[in-house]
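J.: mmCIF, C-alpha atoms, saved as work.cif, coming up:
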data_coords
loop_
_atom_site.group_PDB
_atom_site.id
_atom_site.type_symbol
_atom_site.label_atom_id
_atom_site.label_comp_id
_atom_site.auth_asym_id
_atom_site.auth_seq_id
_atom_site.Cartn_x
_atom_site.Cartn_y
_atom_site.Cartn_z
ATOM 1 C CA MET A 356 107.087 101.866 104.409
ATOM 2 C CA THR A 357 104.103 101.361 106.624
ATOM 3 C CA GLN A 358 101.676 104.241 106.569
ATOM 4 C CA PRO A 359 99.589 104.932 109.669
ATOM 5 C CA THR A 360 95.983 103.949 109.197
ATOM 6 C CA ALA A 361 92.757 104.121 111.100
ATOM 7 C CA GLY A 362 92.129 100.442 110.352
ATOM 8 C CA ALA A 363 93.237 97.304 112.117
ATOM 9 C CA GLY A 364 96.135 97.796 114.494
ATOM 10 C CA ALA A 365 95.842 101.579 114.702
ATOM 11 C CA ALA A 366 95.027 102.970 118.105
ATOM 12 C CA LYS A 367 91.294 103.585 118.211
ATOM 13 C CA THR A 368 91.340 105.228 121.624
ATOM 14 C CA VAL A 369 93.884 106.140 124.259
ATOM 15 C CA PRO A 370 93.870 104.590 127.734
ATOM 16 C CA ALA A 371 93.764 107.214 130.493
ATOM 17 C CA ASP A 372 97.205 106.287 131.823
ATOM 18 C CA SER A 373 98.745 106.860 128.367
ATOM 19 C CA VAL A 374 97.225 110.257 127.549
ATOM 20 C CA ASP A 375 100.206 112.385 128.584
ATOM 21 C CA ALA A 376 102.688 110.314 126.550
ATOM 22 C CA VAL A 377 100.366 110.329 123.541
ATOM 23 C CA GLN A 378 99.926 114.111 123.793
ATOM 24 C CA GLN A 379 103.736 114.437 123.794
ATOM 25 C CA ALA A 380 103.930 112.218 120.704
ATOM 26 C CA LEU A 381 101.248 114.352 119.061
ATOM 27 C CA GLY A 382 103.396 117.400 119.802
ATOM 28 C CA ALA A 383 106.354 115.717 118.102
ATOM 29 C CA GLU A 384 104.167 115.016 115.060
ATOM 30 C CA HIS A 385 103.077 118.670 114.916
ATOM 31 C CA ALA A 386 106.697 119.813 115.166
ATOM 32 C CA ALA A 387 107.828 117.387 112.453
ATOM 33 C CA ILE A 388 105.128 118.619 110.065
ATOM 34 C CA TRP A 389 106.189 122.220 110.685
ATOM 35 C CA THR A 390 109.862 121.305 110.201
ATOM 36 C CA TYR A 391 109.188 119.656 106.853
ATOM 37 C CA GLY A 392 107.510 122.851 105.685
ATOM 38 C CA LEU A 393 110.396 124.983 106.886
ATOM 39 C CA VAL A 394 113.181 122.991 105.258
ATOM 40 C CA SER A 395 111.398 122.603 101.936
ATOM 41 C CA ALA A 396 112.470 126.168 101.132
ATOM 42 C CA PHE A 397 116.145 125.217 101.472
ATOM 43 C CA LEU A 398 116.293 121.849 99.720
ATOM 44 C CA PRO A 399 116.523 121.230 95.967
ATOM 45 C CA SER A 400 113.706 119.499 94.106
ATOM 46 C CA SER A 401 115.635 116.222 94.209
ATOM 47 C CA PHE A 402 114.416 115.924 97.827
ATOM 48 C CA ASN A 403 110.729 116.508 96.993
ATOM 49 C CA ASN A 404 109.687 112.839 97.074
ATOM 50 C CA ALA A 405 111.346 112.229 100.442
ATOM 51 C CA LEU A 406 109.889 115.456 101.842
ATOM 52 C CA ASN A 407 106.399 114.574 100.607
ATOM 53 C CA GLU A 408 106.635 111.053 102.031
ATOM 54 C CA GLY A 409 107.760 112.367 105.403
ATOM 55 C CA VAL A 410 105.176 115.095 105.782
ATOM 56 C CA THR A 411 102.374 112.835 104.501
ATOM 57 C CA THR A 412 103.269 110.155 107.035
ATOM 58 C CA HIS A 413 103.415 112.652 109.901
ATOM 59 C CA ARG A 414 100.090 114.224 108.887
ATOM 60 C CA ALA A 415 98.401 110.820 108.720
ATOM 61 C CA ARG A 416 99.850 109.858 112.095
ATOM 62 C CA ARG A 417 98.769 113.193 113.601
ATOM 63 C CA ASP A 418 95.241 112.622 112.308
ATOM 64 C CA THR A 419 95.165 109.065 113.708
ATOM 65 C CA VAL A 420 96.357 110.272 117.111
ATOM 66 C CA GLU A 421 93.854 113.126 117.191
ATOM 67 C CA ARG A 422 91.008 110.689 116.404
ATOM 68 C CA ALA A 423 92.188 108.304 119.139
ATOM 69 C CA LEU A 424 92.413 111.084 121.725
ATOM 70 C CA THR A 425 88.987 112.391 120.734
ATOM 71 C CA ALA A 426 87.551 108.871 121.057
ATOM 72 C CA ALA A 427 88.968 108.826 124.591
ATOM 73 C CA LYS A 428 87.132 112.115 125.235
ATOM 74 C CA VAL A 429 90.430 114.001 125.459
ATOM 75 C CA THR A 430 91.024 117.228 123.567
ATOM 76 C CA PRO A 431 94.114 116.832 121.360
ATOM 77 C CA ARG A 432 96.691 119.544 121.933
ATOM 78 C CA PRO A 433 96.849 121.854 118.918
ATOM 79 C CA ALA A 434 100.004 122.613 116.978
ATOM 80 C CA GLU A 435 102.020 125.640 117.974
ATOM 81 C CA VAL A 436 101.927 128.627 115.637
ATOM 82 C CA ALA A 437 105.644 128.091 115.003
ATOM 83 C CA TYR A 438 108.530 126.105 116.418
ATOM 84 C CA VAL A 439 112.098 127.162 117.121
ATOM 85 C CA PRO A 440 114.481 124.802 115.350
ATOM 86 C CA PRO A 441 117.383 123.549 117.477
ATOM 87 C CA GLN A 442 119.771 125.295 115.098
ATOM 88 C CA PRO A 443 119.374 127.915 112.366
ATOM 89 C CA VAL A 444 118.130 126.592 109.032
ATOM 90 C CA THR A 445 119.894 128.442 106.235
ATOM 91 C CA ASP A 446 120.945 125.874 103.638
ATOM 92 C CA GLN A 447 120.863 122.222 102.605
ATOM 93 C CA PRO A 448 123.181 120.869 105.345
ATOM 94 C CA SER A 449 121.321 122.669 108.134
ATOM 95 C CA SER A 450 117.979 121.536 106.669
ATOM 96 C CA LEU A 451 119.046 117.894 106.621
ATOM 97 C CA ALA A 452 120.338 118.142 110.186
ATOM 98 C CA VAL A 453 117.072 119.642 111.452
ATOM 99 C CA LEU A 454 115.031 116.976 109.670
ATOM 100 C CA ALA A 455 117.093 114.264 111.362
ATOM 101 C CA ILE A 456 116.516 115.970 114.724
ATOM 102 C CA ALA A 457 112.734 116.234 114.152
ATOM 103 C CA GLU A 458 112.545 112.556 113.261
ATOM 104 C CA THR A 459 114.707 111.632 116.245
ATOM 105 C CA ASP A 460 112.436 113.664 118.522
ATOM 106 C CA ALA A 461 109.481 111.685 117.156
ATOM 107 C CA THR A 462 111.233 108.372 117.903
ATOM 108 C CA VAL A 463 111.845 109.475 121.493
ATOM 109 C CA ALA A 464 108.206 110.543 121.930
ATOM 110 C CA TRP A 465 106.833 107.300 120.506
ATOM 111 C CA ARG A 466 109.223 105.214 122.608
ATOM 112 C CA SER A 467 107.756 106.949 125.635
ATOM 113 C CA VAL A 468 104.273 105.887 124.513
ATOM 114 C CA LEU A 469 105.514 102.275 124.376
ATOM 115 C CA GLU A 470 106.765 102.664 127.937
ATOM 116 C CA HIS A 471 103.429 104.061 129.138
ATOM 117 C CA THR A 472 100.880 101.628 127.749
ATOM 118 C CA ASP A 473 99.950 97.979 127.694
ATOM 119 C CA ASP A 474 97.192 98.561 125.120
ATOM 120 C CA ALA A 475 97.991 96.349 122.095
ATOM 121 C CA ASP A 476 96.621 98.727 119.444
ATOM 122 C CA LEU A 477 98.376 101.749 120.918
ATOM 123 C CA ARG A 478 101.636 99.788 121.253
ATOM 124 C CA LYS A 479 101.408 98.776 117.588
ATOM 125 C CA THR A 480 100.780 102.381 116.540
ATOM 126 C CA ALA A 481 103.706 103.581 118.677
ATOM 127 C CA LEU A 482 106.078 100.915 117.360
ATOM 128 C CA GLU A 483 105.164 101.699 113.734
ATOM 129 C CA ALA A 484 105.677 105.407 114.415
ATOM 130 C CA LEU A 485 109.016 104.876 116.146
ATOM 131 C CA THR A 486 110.231 102.610 113.352
ATOM 132 C CA SER A 487 109.182 104.835 110.467
ATOM 133 C CA SER A 488 110.684 107.936 112.097
ATOM 134 C CA ALA A 489 113.917 106.064 112.850
ATOM 135 C CA VAL A 490 114.170 105.016 109.193
ATOM 136 C CA ARG A 491 113.571 108.576 107.985
ATOM 137 C CA ALA A 492 116.063 109.992 110.511
ATOM 138 C CA THR A 493 118.660 107.558 109.169
ATOM 139 C CA ARG A 494 117.915 108.598 105.590
ATOM 140 C CA TRP A 495 118.320 112.287 106.479
ATOM 141 C CA ARG A 496 121.577 111.619 108.328
ATOM 142 C CA LYS A 497 122.896 109.611 105.369
ATOM 143 C CA ALA A 498 121.934 112.414 102.964
ATOM 144 C CA ALA A 499 123.834 114.832 105.205
ATOM 145 C CA GLY A 500 126.845 112.531 105.452
ATOM 146 C CA THR A 501 126.454 112.266 109.234
ATOM 147 C CA LYS A 502 128.205 109.355 110.931
ATOM 148 C CA PRO A 503 126.974 107.239 112.459
ATOM 149 C CA ALA A 504 123.813 107.373 110.397
ATOM 150 C CA THR A 505 121.880 105.278 112.887
ATOM 151 C CA PRO A 506 122.036 105.299 116.682
ATOM 152 C CA ALA A 507 122.396 101.976 118.449
ATOM 153 C CA MET A 508 118.970 102.337 120.081
ATOM 154 C CA PRO A 509 116.569 104.535 118.076
ATOM 155 C CA GLY A 510 114.167 106.320 120.400
ATOM 156 C CA GLN A 511 116.587 106.384 123.311
ATOM 157 C CA PRO A 512 116.580 109.875 124.825
ATOM 158 C CA ALA A 513 119.895 111.714 124.517
ATOM 159 C CA SER A 514 121.949 111.481 127.666
ATOM 160 C CA SER A 515 122.711 114.721 129.442
#
I need this file expressed as structure tokens, please.

T.:
Amino acid sequence: MTQPTAGAGAAKTVPADSVDAVQQALGAEHAAIWTYGLVSAFLPSSFNNALNEGVTTHRARRDTVERALTAAKVTPRPAEVAYVPPQPVTDQPSSLAVLAIAETDATVAWRSVLEHTDDADLRKTALEALTSSAVRATRWRKAAGTKPATPAMPGQPASS
């Protein structure tokens, strides 16, 4: 799996017309990191590698985004103190469901970045983020036995 980097291809700065979308994506990264911490208390150690991979990827992506915003002379929005999960987290099934939701939220946020920039580096960063979150969301849905495990169009906002 591709890890976000500050090297070639990673967004080095954020164009002014993309700042709002990138801030939203940063918020999704913050929420995902918090969610991984929350669910770790409810999942057996057999999930530790997947949890570590997910949180490490989101932390690296958060750091990359914060550096890019700072380079654009924009103050990155800080993480919230806590987040309210979309459903109570009380056991393994609810933990897996919330992880899939957090990853899906990240795909939606990064898809929005793709829609709001023509900058090649930022588009590459957004596509890598969308793809890696979509893969993790699928893994969490499969672990939970959710069908279908993958939506037809990862990153597509849920219809109302």

J.: From the list A:Ser395, A:Gln379, A:Thr419, A:Asn404, which residue is nearest Leu477 in chain A when using only C-alpha atoms?

T.: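 Using only C-alpha atoms, the shortest distance to Leu477 in chain A belongs to A:Thr419.
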
J.: Under the rule that all atoms listed in the file are counted, which of A:Pro509, A:Gly392, A:Gly409, A:Gly382 is the nearest residue to Trp495 in chain A?

T.: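 Of the candidates, the smallest distance to Trp495 in chain A is held by A:Gly409.
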
J.: Return as a CSV table (one decimal) with C-alpha atoms, keeping the file's coordinate frame the set of residues that the PyMOL selection byres ((chain A and resi 494) around 12) yields on the displayed structure.

T.:
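See out31.csv below for the written result:
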chain,number,residue,atom,x,y,z
A,402,PHE,CA,114.4,115.9,97.8
A,405,ALA,CA,111.3,112.2,100.4
A,406,LEU,CA,109.9,115.5,101.8
A,409,GLY,CA,107.8,112.4,105.4
A,451,LEU,CA,119.0,117.9,106.6
A,452,ALA,CA,120.3,118.1,110.2
A,454,LEU,CA,115.0,117.0,109.7
A,455,ALA,CA,117.1,114.3,111.4
A,456,ILE,CA,116.5,116.0,114.7
A,458,GLU,CA,112.5,112.6,113.3
A,459,THR,CA,114.7,111.6,116.2
A,487,SER,CA,109.2,104.8,110.5
A,488,SER,CA,110.7,107.9,112.1
A,489,ALA,CA,113.9,106.1,112.8
A,490,VAL,CA,114.2,105.0,109.2
A,491,ARG,CA,113.6,108.6,108.0
A,492,ALA,CA,116.1,110.0,110.5
A,493,THR,CA,118.7,107.6,109.2
A,495,TRP,CA,118.3,112.3,106.5
A,496,ARG,CA,121.6,111.6,108.3
A,497,LYS,CA,122.9,109.6,105.4
A,498,ALA,CA,121.9,112.4,103.0
A,499,ALA,CA,123.8,114.8,105.2
A,500,GLY,CA,126.8,112.5,105.5
A,501,THR,CA,126.5,112.3,109.2
A,502,LYS,CA,128.2,109.4,110.9
A,503,PRO,CA,127.0,107.2,112.5
A,504,ALA,CA,123.8,107.4,110.4
A,505,THR,CA,121.9,105.3,112.9

J.: Any chance you could work out the residue set of the PyMOL selection byres ((chain A and resi 375) around 12) here, as a short mmCIF file (atom, residue, chain, number, x, y, z; two decimals) with C-alpha atoms, keeping the file's coordinate frame?

T.:
data_model
loop_
_atom_site.label_atom_id
_atom_site.label_comp_id
_atom_site.auth_asym_id
_atom_site.auth_seq_id
_atom_site.Cartn_x
_atom_site.Cartn_y
_atom_site.Cartn_z
CA VAL A 369 93.88 106.14 124.26
CA PRO A 370 93.87 104.59 127.73
CA ALA A 371 93.76 107.21 130.49
CA ASP A 372 97.20 106.29 131.82
CA SER A 373 98.74 106.86 128.37
CA VAL A 374 97.22 110.26 127.55
CA ALA A 376 102.69 110.31 126.55
CA VAL A 377 100.37 110.33 123.54
CA GLN A 378 99.93 114.11 123.79
CA GLN A 379 103.74 114.44 123.79
CA ALA A 380 103.93 112.22 120.70
CA LEU A 381 101.25 114.35 119.06
CA GLY A 382 103.40 117.40 119.80
CA LEU A 424 92.41 111.08 121.72
CA VAL A 429 90.43 114.00 125.46
CA THR A 430 91.02 117.23 123.57
CA PRO A 431 94.11 116.83 121.36
CA ARG A 432 96.69 119.54 121.93
CA ALA A 464 108.21 110.54 121.93
CA TRP A 465 106.83 107.30 120.51
CA SER A 467 107.76 106.95 125.64
CA VAL A 468 104.27 105.89 124.51
CA GLU A 470 106.76 102.66 127.94
CA HIS A 471 103.43 104.06 129.14
CA THR A 472 100.88 101.63 127.75
#

J.: How would you write, as a ChimeraX atom specification, the residues chosen by the PyMOL selection byres ((chain A and resi 413) around 12) on this structure?

T.: /A:357-360,380-392,406-412,414-420,457-458,461-462,483-485,487-488,491

J.: The selected residues should be written to file as a PDB file, in the coordinates of the input (atoms: C-alpha atoms).

T.:
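Resulting contents of again.pdb:
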ATOM      1  CA  THR A 357     104.103 101.361 106.624  1.00  0.00           C
ATOM      2  CA  GLN A 358     101.676 104.241 106.569  1.00  0.00           C
ATOM      3  CA  PRO A 359      99.589 104.932 109.669  1.00  0.00           C
ATOM      4  CA  THR A 360      95.983 103.949 109.197  1.00  0.00           C
ATOM      5  CA  ALA A 380     103.930 112.218 120.704  1.00  0.00           C
ATOM      6  CA  LEU A 381     101.248 114.352 119.061  1.00  0.00           C
ATOM      7  CA  GLY A 382     103.396 117.400 119.802  1.00  0.00           C
ATOM      8  CA  ALA A 383     106.354 115.717 118.102  1.00  0.00           C
ATOM      9  CA  GLU A 384     104.167 115.016 115.060  1.00  0.00           C
ATOM     10  CA  HIS A 385     103.077 118.670 114.916  1.00  0.00           C
ATOM     11  CA  ALA A 386     106.697 119.813 115.166  1.00  0.00           C
ATOM     12  CA  ALA A 387     107.828 117.387 112.453  1.00  0.00           C
ATOM     13  CA  ILE A 388     105.128 118.619 110.065  1.00  0.00           C
ATOM     14  CA  TRP A 389     106.189 122.220 110.685  1.00  0.00           C
ATOM     15  CA  THR A 390     109.862 121.305 110.201  1.00  0.00           C
ATOM     16  CA  TYR A 391     109.188 119.656 106.853  1.00  0.00           C
ATOM     17  CA  GLY A 392     107.510 122.851 105.685  1.00  0.00           C
ATOM     18  CA  LEU A 406     109.889 115.456 101.842  1.00  0.00           C
ATOM     19  CA  ASN A 407     106.399 114.574 100.607  1.00  0.00           C
ATOM     20  CA  GLU A 408     106.635 111.053 102.031  1.00  0.00           C
ATOM     21  CA  GLY A 409     107.760 112.367 105.403  1.00  0.00           C
ATOM     22  CA  VAL A 410     105.176 115.095 105.782  1.00  0.00           C
ATOM     23  CA  THR A 411     102.374 112.835 104.501  1.00  0.00           C
ATOM     24  CA  THR A 412     103.269 110.155 107.035  1.00  0.00           C
ATOM     25  CA  ARG A 414     100.090 114.224 108.887  1.00  0.00           C
ATOM     26  CA  ALA A 415      98.401 110.820 108.720  1.00  0.00           C
ATOM     27  CA  ARG A 416      99.850 109.858 112.095  1.00  0.00           C
ATOM     28  CA  ARG A 417      98.769 113.193 113.601  1.00  0.00           C
ATOM     29  CA  ASP A 418      95.241 112.622 112.308  1.00  0.00           C
ATOM     30  CA  THR A 419      95.165 109.065 113.708  1.00  0.00           C
ATOM     31  CA  VAL A 420      96.357 110.272 117.111  1.00  0.00           C
ATOM     32  CA  ALA A 457     112.734 116.234 114.152  1.00  0.00           C
ATOM     33  CA  GLU A 458     112.545 112.556 113.261  1.00  0.00           C
ATOM     34  CA  ALA A 461     109.481 111.685 117.156  1.00  0.00           C
ATOM     35  CA  THR A 462     111.233 108.372 117.903  1.00  0.00           C
ATOM     36  CA  GLU A 483     105.164 101.699 113.734  1.00  0.00           C
ATOM     37  CA  ALA A 484     105.677 105.407 114.415  1.00  0.00           C
ATOM     38  CA  LEU A 485     109.016 104.876 116.146  1.00  0.00           C
ATOM     39  CA  SER A 487     109.182 104.835 110.467  1.00  0.00           C
ATOM     40  CA  SER A 488     110.684 107.936 112.097  1.00  0.00           C
ATOM     41  CA  ARG A 491     113.571 108.576 107.985  1.00  0.00           C
TER      42      ARG A 491
END

J.: To one decimal in Å, tell me the separation between CA of Val394 in chain A and CA of Pro448 in chain A.

T.: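 One can read the CA of Val394 in chain A to CA of Pro448 in chain A distance as 10.2 Å.
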
J.: Tell me which of A:Leu482, A:Leu393, A:Ala507, A:Ala365 sits closest to Ala437 in chain A, counting all atoms listed in the file.

T.: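 Comparing A:Leu482, A:Leu393, A:Ala507, A:Ala365 against Ala437 in chain A, the winner is A:Leu393.
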
J.: Just how far from CA of Asp460 in chain A is CA of Pro443 in chain A, in Å to one decimal?

T.: 17.0 Å

J.: Given only C-alpha atoms as the basis, pick out the residue of A:Ser401, A:Thr425, A:Thr368, A:Gln511 nearest to Ala475 in chain A.

T.: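 Answer, going by the shortest atom-to-atom distance: A:Thr368.
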
J.: Between A:Arg422, A:Arg478, A:Lys428, A:Val453, which residue has the minimum interatomic distance to Pro440 in chain A, considering all atoms listed in the file?

T.: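 Closest to Pro440 in chain A of all the choices is A:Val453.
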
J.: Let me have the centre and edge lengths in Å, one decimal, of the box along x, y and z around every listed atom of range 453-456 of chain A with 8 Å of margin on each side, as JSON.

T.:
{"center_x": 116.1, "center_y": 117.0, "center_z": 112.2, "size_x": 18.1, "size_y": 21.4, "size_z": 21.1}

J.: Between A:Lys367, A:Val463, A:Leu469, A:Asp446, which residue has the minimum interatomic distance to Glu421 in chain A, considering all atoms listed in the file?

T.: A:Lys367

J.: One number please: CA of Lys479 in chain A to CA of Pro512 in chain A, in Å, one decimal.

T.: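 Computed distance, CA of Lys479 in chain A to CA of Pro512 in chain A, equals 20.1 Å.
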